[in-house]
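For reference, final.txt (compact mmCIF, C-alpha atoms):
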# COMPACT_ATOMS: atom_id res chain seq x y z
CA MET A 1 62.40 47.89 2.45
CA THR A 2 64.09 50.89 0.92
CA GLY A 3 66.38 50.65 -2.08
CA HIS A 4 64.08 48.44 -4.19
CA PRO A 5 61.99 49.56 -7.18
CA ALA A 6 58.29 50.02 -6.54
CA LYS A 7 57.50 46.99 -8.72
CA THR A 8 59.49 44.81 -6.33
CA HIS A 9 57.34 45.82 -3.35
CA VAL A 10 54.18 45.42 -5.43
CA ALA A 11 55.24 41.93 -6.50
CA ILE A 12 56.09 40.74 -2.99
CA PHE A 13 53.02 42.18 -1.30
CA GLY A 14 50.82 41.20 -4.25
CA LEU A 15 51.92 37.56 -4.08
CA ALA A 16 51.53 37.54 -0.30
CA ILE A 17 47.96 38.83 -0.57
CA LEU A 18 47.17 36.28 -3.28
CA LEU A 19 48.46 33.42 -1.13
CA LEU A 20 46.64 34.71 1.95
CA LEU A 21 43.23 35.29 0.34
CA PRO A 22 41.86 31.79 1.04
CA ALA A 23 42.75 32.11 4.73
CA ILE A 24 41.26 35.59 4.98
CA PHE A 25 37.88 34.60 3.57
CA ALA A 26 37.59 31.05 4.91
CA GLN A 27 36.17 29.90 8.20
CA PRO A 28 38.77 29.80 11.02
CA MET A 29 41.12 26.85 10.60
CA LEU A 30 41.66 24.58 13.60
CA ARG A 31 43.44 21.63 12.01
CA ASP A 32 46.88 20.43 13.02
CA SER A 33 48.70 23.22 14.90
CA PHE A 34 46.22 26.03 14.25
CA TRP A 35 44.37 25.38 17.51
CA ILE A 36 47.68 25.47 19.40
CA ASP A 37 48.58 28.79 17.73
CA TRP A 38 45.18 30.15 18.73
CA VAL A 39 45.47 29.15 22.39
CA TRP A 40 49.10 30.18 22.82
CA SER A 41 48.76 33.52 21.01
CA GLY A 42 45.72 34.53 23.06
CA GLN A 43 47.47 33.78 26.33
CA PHE A 44 50.73 35.37 25.18
CA THR A 45 48.82 38.57 24.49
CA ALA A 46 47.10 38.39 27.88
CA GLU A 47 50.41 37.97 29.71
CA LEU A 48 52.07 40.79 27.74
CA ALA A 49 49.13 43.02 28.67
CA LYS A 50 49.85 42.27 32.34
CA GLY A 51 53.41 43.55 31.91
CA HIS A 52 55.13 40.16 31.69
CA LEU A 53 57.83 40.85 29.10
CA TYR A 54 58.70 37.17 28.64
CA PRO A 55 55.61 35.08 29.41
CA ARG A 56 56.71 31.54 30.22
CA TRP A 57 53.85 30.23 32.38
CA PHE A 58 50.24 30.31 31.14
CA PRO A 59 47.97 30.38 34.22
CA LEU A 60 44.73 29.94 32.23
CA ALA A 61 45.86 26.83 30.38
CA ASN A 62 44.17 23.46 30.86
CA GLY A 63 41.11 24.93 32.50
CA GLY A 64 43.11 27.00 34.98
CA ALA A 65 45.63 24.30 35.97
CA GLY A 66 48.34 26.21 34.12
CA SER A 67 51.08 25.20 31.69
CA PRO A 68 54.83 25.96 31.46
CA THR A 69 54.60 26.27 27.66
CA PHE A 70 57.26 28.87 26.98
CA TYR A 71 59.82 27.43 29.32
CA PHE A 72 60.25 24.94 26.49
CA TYR A 73 58.99 26.54 23.27
CA PRO A 74 60.85 29.33 21.44
CA PRO A 75 58.90 32.60 21.82
CA LEU A 76 59.78 34.84 18.88
CA ALA A 77 56.86 33.99 16.57
CA PHE A 78 54.43 34.43 19.45
CA TYR A 79 55.80 37.88 20.22
CA VAL A 80 54.62 38.78 16.71
CA SER A 81 51.08 37.45 17.21
CA GLY A 82 51.10 38.54 20.86
CA VAL A 83 51.88 42.15 20.00
CA LEU A 84 49.29 42.06 17.21
CA GLY A 85 46.81 40.93 19.83
CA LEU A 86 47.61 44.01 21.91
CA THR A 87 46.27 46.14 19.05
CA GLY A 88 42.83 44.60 19.57
CA LEU A 89 42.96 41.77 17.05
CA SER A 90 41.42 38.45 18.06
CA PRO A 91 43.80 35.55 18.75
CA TYR A 92 42.98 33.96 15.41
CA ALA A 93 43.42 37.22 13.49
CA SER A 94 46.75 37.70 15.29
CA VAL A 95 47.86 34.23 14.18
CA ILE A 96 46.95 34.95 10.55
CA GLY A 97 48.73 38.30 10.94
CA CYS A 98 51.88 36.50 12.06
CA PHE A 99 51.71 34.23 9.01
CA ALA A 100 51.23 37.29 6.77
CA PHE A 101 54.20 39.07 8.35
CA SER A 102 56.36 35.96 7.97
CA LEU A 103 55.36 35.46 4.33
CA VAL A 104 56.28 39.03 3.38
CA LEU A 105 59.46 38.81 5.44
CA SER A 106 60.51 35.65 3.59
CA GLY A 107 60.29 37.56 0.32
CA TYR A 108 62.50 40.38 1.53
CA THR A 109 65.07 38.18 3.28
CA MET A 110 65.39 36.07 0.14
CA LEU A 111 65.70 39.23 -1.91
CA ALA A 112 68.55 40.41 0.36
CA TRP A 113 70.33 37.06 0.00
CA LEU A 114 69.93 37.16 -3.80
CA LYS A 115 70.85 40.84 -4.16
CA ASP A 116 73.75 40.18 -6.54
CA SER A 117 72.05 37.34 -8.45
CA ARG A 118 70.73 37.47 -12.00
CA HIS A 119 67.05 37.28 -11.05
CA PRO A 120 66.67 38.18 -7.35
CA LEU A 121 62.96 39.00 -7.45
CA PHE A 122 62.20 35.80 -9.34
CA GLY A 123 64.01 33.77 -6.65
CA ALA A 124 62.27 35.64 -3.83
CA LEU A 125 58.81 35.01 -5.30
CA PHE A 126 59.67 31.36 -5.90
CA PHE A 127 60.72 31.00 -2.25
CA MET A 128 57.50 32.62 -1.02
CA ALA A 129 55.25 30.35 -3.08
CA ALA A 130 57.27 27.13 -2.77
CA PRO A 131 54.99 24.17 -1.99
CA TYR A 132 56.29 23.16 1.44
CA HIS A 133 56.36 26.81 2.50
CA VAL A 134 52.67 27.19 1.64
CA LEU A 135 51.81 23.76 3.06
CA ASP A 136 53.46 24.79 6.34
CA PHE A 137 50.77 27.46 6.58
CA TYR A 138 47.62 25.91 5.18
CA GLY A 139 48.30 22.27 5.91
CA ARG A 140 50.16 22.38 9.20
CA GLY A 141 49.47 25.76 10.80
CA ALA A 142 53.11 25.79 11.90
CA GLN A 143 53.34 29.42 13.03
CA ALA A 144 56.86 29.27 14.50
CA GLU A 145 58.37 27.16 11.72
CA PHE A 146 56.81 29.46 9.12
CA LEU A 147 58.55 32.48 10.63
CA ALA A 148 61.79 30.49 10.98
CA ILE A 149 61.75 29.73 7.25
CA ALA A 150 61.87 33.49 6.61
CA LEU A 151 65.05 33.67 8.71
CA VAL A 152 66.97 30.98 6.78
CA PRO A 153 68.09 33.42 4.03
CA LEU A 154 69.28 35.85 6.72
CA VAL A 155 71.45 33.11 8.25
CA ALA A 156 72.90 32.38 4.80
CA LEU A 157 73.51 36.09 4.20
CA GLY A 158 75.13 36.29 7.63
CA LEU A 159 77.48 33.45 6.67
CA ARG A 160 78.48 35.25 3.50
CA ARG A 161 79.09 38.51 5.34
CA ALA A 162 81.04 36.80 8.12
CA GLY A 163 83.41 35.53 5.44
CA GLU A 164 83.81 39.17 4.37
CA SER A 165 84.71 40.31 7.92
CA ARG A 166 81.16 41.49 8.64
CA PRO A 167 80.05 38.95 11.27
CA ALA A 168 77.33 40.84 13.18
CA LEU A 169 74.36 39.73 11.05
CA LEU A 170 75.23 36.06 11.51
CA ALA A 171 75.12 36.38 15.30
CA PHE A 172 71.69 38.03 15.32
CA ALA A 173 70.19 35.89 12.54
CA TYR A 174 71.33 32.63 14.15
CA ALA A 175 69.96 33.74 17.50
CA GLY A 176 66.67 34.66 15.83
CA LEU A 177 66.41 31.23 14.23
CA ILE A 178 67.01 29.45 17.55
CA LEU A 179 64.52 31.71 19.33
CA THR A 180 61.91 30.93 16.68
CA HIS A 181 62.10 27.20 15.93
CA LEU A 182 64.71 24.91 17.47
CA PRO A 183 64.30 21.89 15.12
CA LEU A 184 64.83 24.02 12.00
CA ALA A 185 67.74 25.79 13.72
CA LEU A 186 69.34 22.38 14.36
CA LEU A 187 68.82 21.24 10.77
CA ALA A 188 70.19 24.53 9.44
CA SER A 189 73.23 24.16 11.70
CA ILE A 190 74.03 20.66 10.42
CA PHE A 191 72.94 20.85 6.79
CA LEU A 192 73.45 24.52 5.87
CA ILE A 193 75.97 26.18 8.20
CA ALA A 194 78.35 23.22 8.52
CA PRO A 195 78.50 22.51 4.74
CA TYR A 196 79.02 26.21 4.05
CA CYS A 197 81.97 26.34 6.45
CA VAL A 198 83.45 23.19 4.91
CA TRP A 199 83.02 24.62 1.42
CA ARG A 200 84.83 27.81 2.47
CA ARG A 201 87.59 25.66 4.09
CA ASP A 202 87.99 28.05 6.97
CA ILE A 203 85.70 27.97 10.01
CA ARG A 204 87.46 30.76 11.91
CA PRO A 205 85.30 33.68 10.65
CA TYR A 206 82.14 31.89 11.77
CA ILE A 207 82.99 30.57 15.24
CA LEU A 208 82.58 33.81 17.19
CA PRO A 209 79.31 35.03 15.61
CA LEU A 210 77.74 31.58 15.89
CA ALA A 211 78.80 31.35 19.55
CA LEU A 212 77.37 34.80 20.19
CA GLY A 213 74.14 33.74 18.47
CA ILE A 214 73.82 30.80 20.86
CA ALA A 215 74.57 33.13 23.78
CA LEU A 216 71.91 35.59 22.63
CA ALA A 217 69.38 32.73 22.58
CA ALA A 218 70.37 31.49 26.05
CA ILE A 219 67.42 33.29 27.64
CA TYR A 220 65.32 30.55 26.05
CA LEU A 221 67.84 27.72 25.61
CA VAL A 222 69.07 27.40 29.21
CA PRO A 223 65.63 26.97 30.84
CA ALA A 224 64.45 24.72 28.01
CA LEU A 225 67.40 22.34 28.43
CA ALA A 226 67.77 22.56 32.20
CA LEU A 227 64.08 22.05 33.01
CA ASN A 228 63.17 19.47 30.38
CA SER A 229 62.77 16.78 33.05
CA TYR A 230 60.09 18.92 34.72
CA ARG A 231 57.59 18.16 31.95
CA HIS A 232 56.37 15.02 30.19
CA SER A 233 58.84 15.34 27.30
CA GLU A 234 58.63 11.59 26.65
CA LEU A 235 55.23 12.25 25.07
CA LEU A 236 56.95 14.10 22.21
CA SER A 237 58.00 10.75 20.72
CA LEU A 238 55.44 8.39 22.23
CA SER A 239 53.12 8.42 19.23
CA PRO A 240 54.54 6.70 16.10
CA GLN A 241 53.67 9.70 13.94
CA PHE A 242 56.12 11.84 15.96
CA GLN A 243 59.04 9.48 15.34
CA PRO A 244 61.27 10.31 12.34
CA ARG A 245 61.48 6.69 11.16
CA ALA A 246 57.71 6.65 10.69
CA TRP A 247 58.06 9.22 7.89
CA SER A 248 60.64 7.33 5.84
CA LEU A 249 59.45 7.21 2.25
CA ILE A 250 61.71 4.20 1.56
CA PHE A 251 61.18 2.15 4.72
CA PRO A 252 57.69 3.24 5.83
CA GLN A 253 56.50 2.23 9.26
CA ARG A 254 53.23 2.59 11.09
CA GLY A 255 52.41 6.16 12.02
CA PRO A 256 51.47 8.94 9.60
CA VAL A 257 48.23 8.91 7.69
CA PRO A 258 48.81 7.71 4.09
CA GLY A 259 47.57 10.99 2.62
CA MET A 260 50.28 13.03 4.30
CA ARG A 261 52.94 10.56 3.14
CA VAL A 262 51.68 11.01 -0.42
CA VAL A 263 51.84 14.82 -0.07
CA PHE A 264 55.47 14.86 1.09
CA THR A 265 56.44 12.25 -1.50
CA ALA A 266 54.95 14.48 -4.21
CA ILE A 267 56.80 17.55 -2.93
CA LEU A 268 60.12 15.68 -2.97
CA LEU A 269 59.62 14.02 -6.34
CA ILE A 270 58.46 17.15 -8.15
CA ALA A 271 61.45 19.04 -6.67
CA LEU A 272 63.48 16.90 -9.08
CA ILE A 273 62.25 19.12 -11.93
CA PRO A 274 64.06 22.35 -10.90
CA THR A 275 66.96 20.23 -9.60
CA ALA A 276 67.37 18.67 -13.05
CA VAL A 277 67.26 22.13 -14.62
CA LEU A 278 70.09 23.25 -12.35
CA TRP A 279 72.10 20.09 -13.05
CA PHE A 280 71.95 20.47 -16.84
CA ALA A 281 72.55 24.22 -16.55
CA GLY A 282 75.93 23.49 -14.97
CA ARG A 283 75.06 24.06 -11.29
CA ARG A 284 75.95 20.47 -10.39
CA LYS A 285 77.34 21.11 -6.92
CA LEU A 286 74.17 22.90 -5.88
CA ALA A 287 72.00 20.24 -7.54
CA ALA A 288 73.97 17.54 -5.72
CA TYR A 289 73.40 19.36 -2.42
CA ILE A 290 69.64 19.44 -3.10
CA ILE A 291 69.64 15.72 -3.95
CA VAL A 292 71.54 14.83 -0.76
CA CYS A 293 69.12 16.90 1.33
CA GLY A 294 66.22 15.21 -0.45
CA VAL A 295 67.63 11.77 0.28
CA ILE A 296 67.96 12.70 3.95
CA ALA A 297 64.41 14.10 4.02
CA ALA A 298 63.09 10.90 2.41
CA GLY A 299 64.56 8.79 5.20
CA VAL A 300 66.75 6.76 2.85
CA VAL A 301 69.37 6.73 5.62
CA PRO A 302 67.11 5.78 8.55
CA TRP A 303 69.92 5.48 11.13
CA LEU A 304 70.68 9.17 10.65
CA TRP A 305 67.41 10.10 12.32
CA ASN A 306 68.26 7.93 15.33
CA LEU A 307 71.27 10.09 16.20
CA PRO A 308 71.08 12.27 19.33
CA PHE A 309 69.23 15.54 18.76
CA LEU A 310 68.21 14.60 15.20
CA ARG A 311 65.72 12.08 16.56
CA ASP A 312 64.06 14.97 18.40
CA VAL A 313 63.39 16.79 15.11
CA GLN A 314 60.40 14.41 14.76
CA PHE A 315 59.69 15.04 11.07
CA PRO A 316 62.38 14.53 8.38
CA PHE A 317 60.29 16.66 6.03
CA ARG A 318 61.48 19.66 8.04
CA MET A 319 64.47 19.51 5.67
CA MET A 320 62.22 20.95 2.95
CA PRO A 321 62.84 24.66 3.77
CA LEU A 322 66.56 24.10 3.13
CA ILE A 323 65.80 22.29 -0.13
CA GLU A 324 63.47 25.03 -1.35
CA PHE A 325 65.96 27.70 -0.28
CA ALA A 326 68.66 26.00 -2.36
CA ILE A 327 66.36 25.62 -5.38
CA ALA A 328 65.34 29.30 -5.22
CA THR A 329 68.99 30.30 -4.92
CA GLY A 330 69.93 28.20 -7.91
CA ILE A 331 67.24 29.33 -10.33
CA ALA A 332 67.78 32.98 -9.36
CA SER A 333 71.55 32.90 -9.83
CA THR A 334 71.83 30.76 -12.97
CA GLN A 335 71.63 31.97 -16.55
CA LEU A 336 68.48 30.25 -17.81
CA SER A 337 66.21 30.81 -20.75
CA THR A 338 62.67 31.96 -20.06
CA LEU A 339 61.41 28.50 -21.00
CA LEU A 340 63.74 26.78 -18.53
CA ARG A 341 62.81 29.20 -15.73
CA LEU A 342 59.12 28.48 -16.33
CA PHE A 343 59.93 24.77 -16.38
CA ALA A 344 61.66 25.16 -13.00
CA MET A 345 58.65 27.09 -11.72
CA SER A 346 56.46 24.08 -12.49
CA TYR A 347 57.50 22.89 -9.02
CA VAL A 348 55.34 25.71 -7.69
CA PHE A 349 52.60 25.57 -10.32
CA MET A 350 51.99 21.83 -9.93
CA LEU A 351 51.63 21.77 -6.14
CA THR A 352 51.06 25.13 -4.45
CA PRO A 353 47.47 25.72 -5.67
CA ASN A 354 46.44 22.45 -3.99
CA PHE A 355 47.69 23.67 -0.62
CA VAL A 356 45.90 27.02 -0.59
CA VAL A 357 42.52 25.32 -0.95
CA ILE A 358 40.83 25.08 2.44
CA HIS A 359 39.86 21.45 2.91
CA ALA A 360 37.11 20.12 5.14
CA GLN A 361 37.78 20.93 8.75
CA GLU A 362 38.88 18.02 10.86
CA GLU A 363 36.93 17.52 14.04
CA PHE A 364 38.15 19.38 17.07
CA PRO A 365 36.61 21.08 20.12
CA SER A 366 34.78 24.27 19.29
CA ILE A 367 36.25 27.77 19.31
CA GLN A 368 34.27 28.42 22.47
CA TYR A 369 36.01 25.45 24.09
CA LEU A 370 39.43 26.80 23.09
CA ASP A 371 38.64 30.25 24.48
CA THR A 372 37.22 28.83 27.71
CA PHE A 373 39.43 25.87 28.57
CA HIS A 374 42.73 26.90 26.86
CA PRO A 375 43.88 23.30 26.26
CA ASP A 376 47.61 22.72 25.85
CA VAL A 377 49.66 19.92 24.31
CA PRO A 378 50.09 17.00 26.75
CA GLU A 379 53.90 17.09 26.80
CA ASN A 380 53.78 20.47 28.54
CA ARG A 381 52.01 19.11 31.59
CA PRO A 382 54.27 19.53 34.64
CA ALA A 383 55.93 16.24 35.63
CA ARG A 384 57.20 17.55 38.96
CA PRO A 385 55.64 19.55 41.74
CA LEU A 386 55.96 23.31 41.54
CA PRO A 387 57.61 25.72 42.19
CA TRP A 388 60.00 25.72 39.27
CA PRO A 389 63.63 26.60 40.01
CA GLU A 390 64.40 30.17 38.97
CA TRP A 391 68.12 29.84 38.34
CA PRO A 392 67.87 28.56 34.70
CA ALA A 393 65.90 31.63 33.62
CA GLN A 394 68.25 33.94 35.53
CA LEU A 395 71.35 32.25 34.13
CA GLY A 396 69.91 32.34 30.63
CA LEU A 397 69.17 36.05 30.93
CA ALA A 398 72.72 36.75 32.16
CA ILE A 399 74.27 34.82 29.27
CA SER A 400 72.00 36.55 26.76
CA LEU A 401 73.04 39.96 28.10
CA ILE A 402 76.69 38.98 27.68
CA GLY A 403 75.89 37.79 24.16
CA LEU A 404 74.12 41.08 23.42
CA VAL A 405 77.16 43.05 24.53
CA GLY A 406 79.41 40.84 22.41
CA ALA A 407 77.21 41.00 19.31
CA GLY A 408 76.75 44.75 19.76
CA SER A 409 80.51 45.16 19.98
CA LEU A 410 80.90 43.18 16.76
CA ALA A 411 78.35 45.39 15.03
CA PHE A 412 80.03 48.57 16.31
CA ARG A 413 83.51 47.50 15.21
CA GLN A 414 82.13 46.35 11.87
CA ARG A 415 80.50 49.71 11.28
CA ARG A 416 83.67 51.56 12.25
CA ARG A 417 85.68 49.37 9.88
CA HIS A 418 83.41 49.73 6.85
CA HIS A 419 82.05 53.24 7.52
CA PRO A 420 84.88 55.25 9.09
CA ALA A 421 84.05 58.78 10.22
Please, can you express the file's structure as structure tokens?
Amino acid sequence: MTGHPAKTHVAIFGLAILLLLPAIFAQPMLRDSFWIDWVWSGQFTAELAKGHLYPRWFPLANGGAGSPTFYFYPPLAFYVSGVLGLTGLSPYASVIGCFAFSLVLSGYTMLAWLKDSRHPLFGALFFMAAPYHVLDFYGRGAQAEFLAIALVPLVALGLRRAGESRPALLAFAYAGLILTHLPLALLASIFLIAPYCVWRRDIRPYILPLALGIALAAIYLVPALALNSYRHSELLSLSPQFQPRAWSLIFPQRGPVPGMRVVFTAILLIALIPTAVLWFAGRRKLAAYIIVCGVIAAGVVPWLWNLPFLRDVQFPFRMMPLIEFAIATGIASTQLSTLLRLFAMSYVFMLTPNFVVIHAQEEFPSIQYLDTFHPDVPENRPARPLPWPEWPAQLGLAISLIGLVGAGSLAFRQRRRHHPA
């Protein structure tokens, strides 16, 4: 955080505190994924305290029956809340602490990406307060995705540096994204990394760091892919609301509650305001990219979400972090009058305040029930008798060590090249 004026730090931390105040003073939130965050973070802390450096199996889950949660779920966000728990914070306080860390981090990563832009701080603050970003916290309790959003600017910065013969950041940032939230990592791969490489018309600088990023994440990826048949993964798409086609704003099908469809429709439609500003300010390629991503997020091309891997993303609205990243990039790097910048900011002003209001708590088992029974999501129930095979975890660790050596070598050679003794 060095190298920035004091007012920059004050602005980022000040906005983060402002956005976090409702969560700090409200009753504990249990809606959507908050209860999952609570249960997983508490057990992650407990396993770390026992000396398990990578907790995969939760023995207390489901009333003591156990759950193989982190054989299949990326762990990085829960290391943040897990370590916070080791300091004595409650599981819920650790979860809120992880959201706070991620929110501040998103400001600084966006600031790094926009370093040479006209208005880097303006873009960073916009990215922090963007409606879907805030909704991901207050509306969805999506701890891992929220941290992953903060890593998107680092991946973009890594792409830029790889094109300048500085590939190390891309390897580590891409690995971090995979180890945090696999659906967003997949969407970023297809709709951010691939278009960037096509735009640069030369994929060679990016192949090695991206491959090393995948290798670094193998400690999680290999067991998750190799052991998927050992759990009830079919439950991930059994309910209509977990199927991408159910969220199409053009061809709606049975599934999501109407209120949530209205929310995501509003976020997409109001995003047209800053997009129009960019279009008429001459940033038509970037505006076109935002429109294409918006069309994809709206489900206008429903067959796209039936493709392998993309159908496992579940929610097309997970495209929104890429859309808001592009909007923040555009308004920070374009010469705009103060009036036009405020007009672009209306995307934040019109929606974000609605998402930081704590709504009535949906019904769910009590906090005491969560702390006693440690319920887990049904898809993580073992589908095969134990014991689990150990070779996927061992193979993943071996590949990750190779990736670490490779990425470290890239970083060392990069430093020698740009900072000779």
At most 8 Å is the cut-off: for each residue in region 260-286 of chain A with any atom that close to an atom of region 330-339 of chain A, write down the nearest atom pair and the distance in Å rounded to one decimal, counting all atoms listed in the file, chain first then increasing number, as JSON lines.
{"residue": "A:Pro274", "atom": "CA", "partner": "A:Ile331", "partner_atom": "CA", "distance": 7.7}
{"residue": "A:Leu278", "atom": "CA", "partner": "A:Gly330", "partner_atom": "CA", "distance": 6.7}
{"residue": "A:Ala281", "atom": "CA", "partner": "A:Leu336", "partner_atom": "CA", "distance": 7.4}
{"residue": "A:Arg283", "atom": "CA", "partner": "A:Gly330", "partner_atom": "CA", "distance": 7.4}
{"residue": "A:Leu286", "atom": "CA", "partner": "A:Gly330", "partner_atom": "CA", "distance": 7.1}
Contacts of region 83-88 of chain A at 9 Å (all atoms listed in the file; same-chain gap of 3+ positions) as a list in words: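 These residues fall inside the cut-off: Ser41, Gly42, Phe44, Thr45, Ala46, Leu48, Ala49, Phe78, Tyr79, Val80, Pro91, Ala93, Ser94, Val95, Gly97 and Cys98 of chain A.
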Who sits within 9 Å of Ile250 (chain A), all atoms listed in the file, same chain under 5 positions skipped, as a list in words: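 Final neighbour list, sorted by chain and number: Ala298, Gly299, Val300 and Pro302 of chain A.
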Selected residues written out with C-alpha atoms, as a CSV table (one decimal), in the frame of the given file:
chain,number,residue,atom,x,y,z
A,298,ALA,CA,63.1,10.9,2.4
A,299,GLY,CA,64.6,8.8,5.2
A,300,VAL,CA,66.8,6.8,2.8
A,302,PRO,CA,67.1,5.8,8.6
In Å to one decimal, how far is CA of Pro321 (chain A) from CA of Ile273 (chain A)?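 Taking CA of Ile273 (chain A) and CA of Pro321 (chain A), their separation equals 16.7 Å.
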Which protein, DNA or RNA residues are at most 12 Å from (52.7, 25.5, 41.2) in the file's coordinates when you count only C-alpha atoms, listed as a PyMOL selection string? chain A and resi 57-59+64-68+230+381-389
Which is closer to Ile149 (chain A) than all the others in A:Pro244, A:Gly51, A:Gly406, A:Gly107, using all atoms listed in the file? A:Gly107
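Every polymer residue reaching to within 10 Å of (71.4, 39.2, -1.6), counting all atoms listed in the file, appears in this list: A:Tyr108, A:Thr109, A:Met110, A:Leu111, A:Ala112, A:Trp113, A:Leu114, A:Lys115, A:Asp116, A:Ser117, A:Pro120, A:Pro153, A:Leu154, A:Ala156, A:Leu157, A:Arg160, A:Thr329.
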The selected residues should be written to file as a PDB file, in the frame of the given file (atoms: C-alpha atoms).
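Result saved to part01.pdb:
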ATOM      1  CA  TYR A 108      62.500  40.380   1.530  1.00  0.00           C
ATOM      2  CA  THR A 109      65.070  38.180   3.280  1.00  0.00           C
ATOM      3  CA  MET A 110      65.390  36.070   0.140  1.00  0.00           C
ATOM      4  CA  LEU A 111      65.700  39.230  -1.910  1.00  0.00           C
ATOM      5  CA  ALA A 112      68.550  40.410   0.360  1.00  0.00           C
ATOM      6  CA  TRP A 113      70.330  37.060   0.000  1.00  0.00           C
ATOM      7  CA  LEU A 114      69.930  37.160  -3.800  1.00  0.00           C
ATOM      8  CA  LYS A 115      70.850  40.840  -4.160  1.00  0.00           C
ATOM      9  CA  ASP A 116      73.750  40.180  -6.540  1.00  0.00           C
ATOM     10  CA  SER A 117      72.050  37.340  -8.450  1.00  0.00           C
ATOM     11  CA  PRO A 120      66.670  38.180  -7.350  1.00  0.00           C
ATOM     12  CA  PRO A 153      68.090  33.420   4.030  1.00  0.00           C
ATOM     13  CA  LEU A 154      69.280  35.850   6.720  1.00  0.00           C
ATOM     14  CA  ALA A 156      72.900  32.380   4.800  1.00  0.00           C
ATOM     15  CA  LEU A 157      73.510  36.090   4.200  1.00  0.00           C
ATOM     16  CA  ARG A 160      78.480  35.250   3.500  1.00  0.00           C
ATOM     17  CA  THR A 329      68.990  30.300  -4.920  1.00  0.00           C
TER      18      THR A 329
END
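The space between CA of Met320 (chain A) and CA of Arg140 (chain A) spans 13.7 Å.
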Between A:Phe146, A:Phe317, A:Phe34, A:Trp305, which one has atoms that come closest to Phe101 (chain A), using all atoms listed in the file?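 Using all atoms listed in the file, the shortest distance to Phe101 (chain A) belongs to A:Phe146.
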Taking all atoms listed in the file into account, which of A:Ala407, A:Ile267, A:Leu184, A:Ala11 comes nearest Asn354 (chain A)? A:Ile267
Might you pull out every residue within 7 Å of Gln143 (chain A), with all atoms listed in the file counted and same-chain residues fewer than 3 positions away left off, and present them as JSON, numbers by chain? {"A": [37, 77, 99, 146, 147]}
Would you pick out the contacts of Met345 (chain A) at 10 Å or less, using only C-alpha atoms, so that residues sharing its chain but fewer than 2 positions from it are not included, and give the list as a list in words?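 Once the nearby chain positions are removed, what remains is Phe122, Gly123, Phe126, Ala129, Ala130, Ala271, Ile273, Pro274, Ala328, Ile331, Leu339, Leu340, Arg341, Leu342, Phe343, Tyr347, Val348, Phe349 and Met350 of chain A.
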Which of A:Gly176, A:Ala246, A:Phe70, A:Cys197 sits closest to Ile214 (chain A) [using all atoms listed in the file]: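 Smallest separation from Ile214 (chain A) among the options: A:Gly176.
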